[in-house]
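Novice: This is target-v2.csv, which holds CSV, C-alpha atoms:
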chain,number,residue,atom,x,y,z
A,14,MET,CA,109.0,81.9,-21.9
A,15,THR,CA,106.3,79.3,-22.4
A,16,SER,CA,106.2,76.7,-25.1
A,17,HIS,CA,102.9,75.5,-26.6
A,18,TRP,CA,102.4,72.3,-28.6
A,19,VAL,CA,99.4,72.8,-30.8
A,20,SER,CA,98.0,69.9,-32.9
A,21,THR,CA,95.0,69.4,-35.1
A,22,LEU,CA,94.0,66.9,-37.8
A,23,ALA,CA,95.7,69.2,-40.4
A,24,PHE,CA,98.9,70.4,-38.7
A,25,THR,CA,101.1,70.2,-35.6
A,26,ILE,CA,103.3,73.2,-34.6
A,27,LEU,CA,105.4,74.7,-31.8
A,28,VAL,CA,104.6,78.1,-30.5
A,29,LYS,CA,106.4,80.1,-27.9
A,30,THR,CA,105.0,83.0,-25.8
A,31,ASP,CA,106.6,85.6,-23.7
A,32,GLY,CA,104.0,86.8,-21.3
A,33,ALA,CA,100.7,86.9,-23.2
A,34,LYS,CA,102.1,87.4,-26.7
A,35,ILE,CA,103.3,84.9,-29.3
A,36,VAL,CA,107.1,85.5,-30.0
A,37,PHE,CA,108.0,82.4,-32.1
A,38,THR,CA,105.8,80.3,-34.4
A,39,ALA,CA,105.8,78.2,-37.5
A,40,PRO,CA,105.5,80.0,-40.8
A,41,LEU,CA,102.1,78.3,-41.3
A,42,VAL,CA,100.6,80.6,-38.6
A,43,LYS,CA,102.9,83.6,-38.7
A,44,ARG,CA,99.9,86.0,-38.9
A,45,PHE,CA,99.4,85.2,-35.1
A,46,TYR,CA,102.9,86.6,-34.2
A,47,GLY,CA,102.4,89.2,-31.5
A,48,GLN,CA,98.9,88.0,-30.6
A,49,PRO,CA,97.6,86.0,-27.6
A,50,VAL,CA,97.8,82.3,-28.1
A,51,GLY,CA,94.1,82.1,-27.5
A,52,ASN,CA,93.5,83.7,-30.9
A,53,LEU,CA,95.5,80.9,-32.6
A,54,LEU,CA,93.7,78.2,-30.7
A,55,ASN,CA,90.3,79.7,-31.6
A,56,TRP,CA,91.3,79.7,-35.3
A,57,ALA,CA,92.5,76.1,-35.1
A,58,ILE,CA,89.3,74.6,-33.7
A,59,PRO,CA,87.5,74.1,-37.0
A,60,PHE,CA,90.4,71.9,-38.2
A,61,GLY,CA,89.3,69.3,-35.8
A,62,GLY,CA,91.0,67.2,-33.1
A,63,LEU,CA,92.6,70.3,-31.4
A,64,ARG,CA,95.2,69.3,-28.7
A,65,HIS,CA,97.2,71.9,-26.8
A,66,THR,CA,100.0,71.3,-24.2
A,67,THR,CA,102.2,73.9,-22.5
A,68,TRP,CA,105.5,73.8,-20.6
A,69,GLU,CA,107.9,76.4,-19.3
A,70,SER,CA,111.0,76.9,-21.5
A,71,ALA,CA,114.4,77.6,-19.9
A,72,GLN,CA,115.9,79.1,-23.1
A,73,LYS,CA,115.0,82.0,-25.3
A,74,SER,CA,113.5,81.3,-28.7
A,75,PRO,CA,115.9,80.9,-31.6
A,76,MET,CA,114.4,84.0,-33.1
A,77,GLY,CA,115.6,86.2,-30.3
Kindly present the structure from the file in structure tokens form.
Specialist:
Amino acid sequence: MTSHWVSTLAFTILVKTDGAKIVFTAPLVKRFYGQPVGNLLNWAIPFGGLRHTTWESAQKSPMG
């Protein structure tokens, strides 16, 4: 499981991926659940100031 910190001038969220697919995300971007994180990042670019950091998570997401 990989955690992603995604921040723009409009919002900051935590996203978790298992393999290539998003398996946990904030309600703000729930439409990206099950999609590659790249789709979310491309959508976020127009908000300005995009920053993205990843790290490996030792635990499963709280959503299962």
Novice: Restricting the calculation to only C-alpha atoms: of A:Asn52, A:Thr21, A:Glu69, A:Thr15, which residue gets closest to Phe37 of chain A?
Specialist: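 Among the listed residues, the smallest separation from Phe37 of chain A belongs to A:Thr15.
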Novice: Atom CA of Ala71 of chain A and atom CA of Trp56 of chain A, how far apart in Å?
Specialist: 27.8 Å
Novice: Using all atoms listed in the file, which of A:Val19, A:Thr38, A:Ala33, A:Val28 sits nearest Ser70 of chain A?
Specialist: A:Val28
Novice: Please provide the set of residues having any atom within 12 Å of Thr66 of chain A, restricted to all atoms listed in the file, with same-chain residues fewer than 5 positions apart removed, written as a ChimeraX atom specification.
Specialist: /A:15-20,25-29,50,54
Novice: One number please: atom CA of Phe60 of chain A to atom CA of Gly47 of chain A, in Å, one decimal.
Specialist: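 Pair atom CA of Phe60 of chain A / atom CA of Gly47 of chain A returns 22.1 Å.
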